[in-house]
Each structure stands twice: as C-alpha cells, then as structure tokens.
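Engineer: So that we are looking at the same thing, I have put the structure below in structure tokens.
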Amino acid sequence: MVEDEASHFSEHFASLGQSALPRGPVQEVVLPLHEEALDQLSQIALNHGVEGSNEYKRSVALQIAIEAFRAHTTKNGGNLVNELHFCGGTVKPRPLCVFKDTLDNLSDLERELHCSETILLETAIRHASAEEPIAA
C-alpha cells in the first residue's frame, strides 16, 4: 500500500511535465499536523481535482502548498516572520508522501526562517489554502 501511494504520488507530478517541480525519490514520512491543516490539505486536493485515498490527496496537496510557499518566500526575500503560525485543532500524526528534494528544501527554509518544520508546513498549507478558489 505504501509503495502504491508513493508511486501514484510521483506519477501525478511526472504527468504535469513541469521541470520546476522537484524530482527524485519519494519518501513516506509521518507529519504531526493540526486538524485545521489536514482539512485545508483536503480542500486544496479537492480544488485541484485530486482523487484517491486521504493520504494520497493530502500528499499531493502538501506538495502543491510547499511549492507555492517556496515561490512566495523567494518573492518576499524570506521576510515572513509575521506569517508563521500554527493551525488550530488537535495534532494528528499522518503518513504523507514527500519528494526527498522537498524535504531538503524544507530543511533549508527552516534554517532561513528560524522555525520548526510543523510551523513551516502549516504556514505553507494555510498560505496555499488562502490562494485557492472556493470549490462549488
């Protein structure tokens, strides 16, 4: 099952044919995210027409959110201290697929923005969710 999720995840981004997206091995990681962030990931996936298991949809949505946030930080020169916030609700550890390149980029952003992985991820999710049109 884990191998299926990882291969489908990688195939989704390969089919987009965009060289700007990270490539390489996919890893399954367990991320502790607040309930609100998980709901936002589900909404991002819905807005992008991603179908499948919750893990798959949220994995694709997380990659979309991280890419959008990385572009946002580049545009704003990393001066985002006031944007860094946790989401609300209970923390729920969830398995998600992530490109190894993305994990490396997250590590760089953590050092650049001086924040934890969770707050960085949840800020990226919130940012991408705010950018998304509301699904009808």
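In the structure tokens, chains take letters A, B, ... by order of appearance, with residues numbered from 1 within each chain and ligands from 1 in the order shown.
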Within 8 Å of Ser59 in chain A, counting only C-alpha atoms, which residues show up once you throw out same-chain ones fewer than 2 positions away? Write them as JSON, numbers by chain, please.
Structural biologist: {"A": [9, 55, 56, 57, 61, 62, 63, 96, 97, 98]}
Engineer: What's the 9 Å shell around Leu113 in chain A, counting only C-alpha atoms, without same-chain residues fewer than 3 positions away, as a list in words?
Structural biologist: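 My list of contacting residues is Gly78, Asn79, Leu80, Val81, Leu84, Asp108, Leu109, Glu110, Ser116 and Leu120 of chain A.
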Engineer: Taking C-alpha atoms for each residue, export the selection above as an mmCIF file, in the first residue's frame.
Structural biologist:
```cif
data_model
loop_
_atom_site.group_PDB
_atom_site.id
_atom_site.type_symbol
_atom_site.label_atom_id
_atom_site.label_comp_id
_atom_site.auth_asym_id
_atom_site.auth_seq_id
_atom_site.Cartn_x
_atom_site.Cartn_y
_atom_site.Cartn_z
ATOM 1 C CA GLY A 78 12.351 35.274 3.311
ATOM 2 C CA ASN A 79 10.946 38.181 5.344
ATOM 3 C CA LEU A 80 7.887 36.266 6.529
ATOM 4 C CA VAL A 81 8.193 36.191 10.299
ATOM 5 C CA LEU A 84 4.442 31.976 10.569
ATOM 6 C CA ASP A 108 16.745 24.998 4.067
ATOM 7 C CA LEU A 109 13.586 27.029 4.723
ATOM 8 C CA GLU A 110 13.594 26.019 8.405
ATOM 9 C CA SER A 116 10.113 24.349 13.165
ATOM 10 C CA LEU A 120 6.601 25.948 8.295
#
```
Engineer: Using only C-alpha atoms, find the one residue out of A:Val50, A:Ala6, A:Leu106, A:Val29 that sits nearest to Thr73 in chain A.
Structural biologist: A:Leu106
Engineer: Do a neighbour search on Gly52 in chain A at 10 Å with only C-alpha atoms, toss out local chain neighbours closer than 5 positions, and write the hits as a list in words.
Structural biologist: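 So, after excluding close chain neighbours, the residues are Glu5, His8, Ala45, Lys57 and Arg58 of chain A.
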Engineer: Any idea what's packed within 12 Å of Leu41 in chain A, counting only C-alpha atoms, ignoring anything in its chain fewer than 4 positions away? Could you give it as JSON, numbers by chain?
Structural biologist: {"A": [33, 34, 35, 36, 37, 45, 46, 47, 48, 50, 54, 55, 56, 57, 58, 59, 60, 61, 62, 63, 64, 65, 66, 87, 94, 96, 121, 122, 123, 124, 125, 126, 127, 128, 129, 130, 132]}
Engineer: So what do you get for CA of Ser10 in chain A versus CA of Cys115 in chain A, distance-wise?
Structural biologist: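 Interatomic distance here is 27.7 Å.
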Engineer: What does the distance from CA of Lys92 in chain A to CA of Gln40 in chain A come to in Å, to one decimal?
Structural biologist: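 CA of Gln40 in chain A lies at a distance of 13.7 Å from CA of Lys92 in chain A.
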Engineer: Between CA of Ile44 in chain A and CA of Phe69 in chain A, what is the distance, to one decimal in Å?
Structural biologist: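 Computing the Euclidean distance for CA of Ile44 in chain A and CA of Phe69 in chain A yields 13.6 Å.
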Engineer: From the DSSP assignment of the backbone, select every residue of chain A that is strand (DSSP E), and format the answer as a PyMOL selection string.
Structural biologist: chain A and resi 26-34+91-99
Engineer: Restricted to all heavy atoms, what would the selected residues look like written as a tab-separated table (two decimals), in the first residue's frame?
Structural biologist:
```tsv
chain	number	residue	atom	x	y	z
A	26	VAL	N	10.80	9.36	-3.62
A	26	VAL	CA	9.68	9.76	-2.77
A	26	VAL	C	9.83	9.02	-1.45
A	26	VAL	O	10.14	7.84	-1.43
A	26	VAL	CB	8.34	9.39	-3.44
A	26	VAL	CG1	7.18	9.68	-2.52
A	26	VAL	CG2	8.19	10.13	-4.76
A	27	GLN	N	9.62	9.74	-0.37
A	27	GLN	CA	9.68	9.12	0.95
A	27	GLN	C	8.34	9.29	1.64
A	27	GLN	O	7.68	10.32	1.47
A	27	GLN	CB	10.77	9.77	1.79
A	27	GLN	CG	12.16	9.55	1.25
A	27	GLN	CD	13.22	10.18	2.12
A	27	GLN	OE1	12.97	11.15	2.82
A	27	GLN	NE2	14.42	9.63	2.07
A	28	GLU	N	7.96	8.27	2.40
A	28	GLU	CA	6.77	8.43	3.24
A	28	GLU	C	7.26	8.88	4.61
A	28	GLU	O	8.16	8.28	5.19
A	28	GLU	CB	5.99	7.13	3.36
A	28	GLU	CG	4.70	7.35	4.13
A	28	GLU	CD	3.82	6.13	4.21
A	28	GLU	OE1	4.30	5.11	4.74
A	28	GLU	OE2	2.67	6.20	3.77
A	29	VAL	N	6.69	9.96	5.09
A	29	VAL	CA	7.04	10.50	6.40
A	29	VAL	C	5.77	10.67	7.22
A	29	VAL	O	4.69	10.85	6.66
A	29	VAL	CB	7.78	11.85	6.28
A	29	VAL	CG1	9.13	11.67	5.60
A	29	VAL	CG2	6.95	12.87	5.54
A	30	VAL	N	5.91	10.61	8.52
A	30	VAL	CA	4.77	10.86	9.41
A	30	VAL	C	4.92	12.29	9.91
A	30	VAL	O	5.91	12.63	10.55
A	30	VAL	CB	4.73	9.85	10.57
A	30	VAL	CG1	3.60	10.21	11.53
A	30	VAL	CG2	4.56	8.44	10.04
A	31	LEU	N	3.92	13.12	9.58
A	31	LEU	CA	3.97	14.52	9.96
A	31	LEU	C	2.89	14.83	10.99
A	31	LEU	O	1.72	14.50	10.77
A	31	LEU	CB	3.77	15.42	8.73
A	31	LEU	CG	4.82	15.28	7.64
A	31	LEU	CD1	4.41	16.09	6.42
A	31	LEU	CD2	6.17	15.74	8.16
A	32	PRO	N	3.26	15.46	12.09
A	32	PRO	CA	2.26	15.87	13.08
A	32	PRO	C	1.66	17.21	12.67
A	32	PRO	O	2.30	18.25	12.78
A	32	PRO	CB	3.08	16.00	14.37
A	32	PRO	CG	4.45	16.35	13.89
A	32	PRO	CD	4.62	15.74	12.54
A	33	LEU	N	0.45	17.18	12.13
A	33	LEU	CA	-0.23	18.40	11.69
A	33	LEU	C	-1.52	18.59	12.47
A	33	LEU	O	-2.17	17.61	12.86
A	33	LEU	CB	-0.53	18.32	10.19
A	33	LEU	CG	0.68	18.22	9.27
A	33	LEU	CD1	0.24	17.96	7.83
A	33	LEU	CD2	1.54	19.47	9.36
A	34	HIS	N	-1.89	19.84	12.68
A	34	HIS	CA	-3.15	20.14	13.36
A	34	HIS	C	-4.33	19.81	12.44
A	34	HIS	O	-4.20	19.82	11.21
A	34	HIS	CB	-3.20	21.62	13.76
A	34	HIS	CG	-2.30	21.96	14.89
A	34	HIS	ND1	-0.99	22.35	14.70
A	34	HIS	CD2	-2.50	21.95	16.24
A	34	HIS	CE1	-0.42	22.59	15.88
A	34	HIS	NE2	-1.32	22.35	16.83
A	91	VAL	N	-3.46	17.92	17.31
A	91	VAL	CA	-2.36	17.45	16.47
A	91	VAL	C	-2.60	15.99	16.15
A	91	VAL	O	-2.86	15.18	17.05
A	91	VAL	CB	-1.00	17.64	17.17
A	91	VAL	CG1	0.12	16.99	16.37
A	91	VAL	CG2	-0.72	19.11	17.39
A	92	LYS	N	-2.50	15.66	14.86
A	92	LYS	CA	-2.72	14.30	14.41
A	92	LYS	C	-1.55	13.88	13.51
A	92	LYS	O	-1.39	14.43	12.43
A	92	LYS	CB	-4.03	14.20	13.62
A	92	LYS	CG	-5.24	14.54	14.45
A	92	LYS	CD	-6.50	14.37	13.65
A	92	LYS	CE	-7.72	14.56	14.54
A	92	LYS	NZ	-8.96	14.24	13.85
A	93	PRO	N	-0.75	12.92	13.96
A	93	PRO	CA	0.33	12.43	13.10
A	93	PRO	C	-0.27	11.67	11.91
A	93	PRO	O	-1.09	10.78	12.10
A	93	PRO	CB	1.12	11.48	14.00
A	93	PRO	CG	0.63	11.74	15.38
A	93	PRO	CD	-0.74	12.30	15.26
A	94	ARG	N	0.13	12.03	10.69
A	94	ARG	CA	-0.41	11.40	9.49
A	94	ARG	C	0.73	11.06	8.54
A	94	ARG	O	1.63	11.87	8.32
A	94	ARG	CB	-1.40	12.31	8.76
A	94	ARG	CG	-2.67	12.56	9.52
A	94	ARG	CD	-3.50	11.27	9.60
A	94	ARG	NE	-4.80	11.47	10.20
A	94	ARG	CZ	-5.11	11.20	11.46
A	94	ARG	NH1	-4.19	10.74	12.28
A	94	ARG	NH2	-6.33	11.39	11.91
A	95	PRO	N	0.67	9.86	7.93
A	95	PRO	CA	1.69	9.50	6.93
A	95	PRO	C	1.39	10.22	5.62
A	95	PRO	O	0.26	10.24	5.15
A	95	PRO	CB	1.51	7.98	6.78
A	95	PRO	CG	0.10	7.72	7.18
A	95	PRO	CD	-0.28	8.78	8.18
A	96	LEU	N	2.42	10.86	5.05
A	96	LEU	CA	2.28	11.55	3.78
A	96	LEU	C	3.52	11.26	2.94
A	96	LEU	O	4.60	11.02	3.47
A	96	LEU	CB	2.15	13.06	3.99
A	96	LEU	CG	0.90	13.52	4.75
A	96	LEU	CD1	1.03	14.99	5.14
A	96	LEU	CD2	-0.34	13.32	3.90
A	97	CYS	N	3.36	11.32	1.63
A	97	CYS	CA	4.47	11.14	0.71
A	97	CYS	C	5.06	12.50	0.37
A	97	CYS	O	4.32	13.46	0.12
A	97	CYS	CB	4.00	10.46	-0.57
A	97	CYS	SG	3.35	8.79	-0.30
A	98	VAL	N	6.38	12.57	0.32
A	98	VAL	CA	7.07	13.81	0.01
A	98	VAL	C	8.31	13.47	-0.80
A	98	VAL	O	8.98	12.47	-0.53
A	98	VAL	CB	7.50	14.55	1.31
A	98	VAL	CG1	8.17	15.87	1.00
A	98	VAL	CG2	6.31	14.77	2.24
A	99	PHE	N	8.62	14.30	-1.81
A	99	PHE	CA	9.87	14.11	-2.55
A	99	PHE	C	11.04	14.39	-1.61
A	99	PHE	O	10.98	15.30	-0.78
A	99	PHE	CB	9.97	15.10	-3.72
A	99	PHE	CG	9.07	14.77	-4.87
A	99	PHE	CD1	7.99	15.59	-5.18
A	99	PHE	CD2	9.31	13.67	-5.68
A	99	PHE	CE1	7.16	15.31	-6.25
A	99	PHE	CE2	8.49	13.38	-6.75
A	99	PHE	CZ	7.42	14.20	-7.05
```
Engineer: Between A:Thr118, A:Ser42, A:Thr102, A:Ser7, which one has atoms that come closest to Glu67 in chain A, using only C-alpha atoms?
Structural biologist: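 When distances to Glu67 in chain A are compared using only C-alpha atoms, the smallest one comes from A:Thr102.
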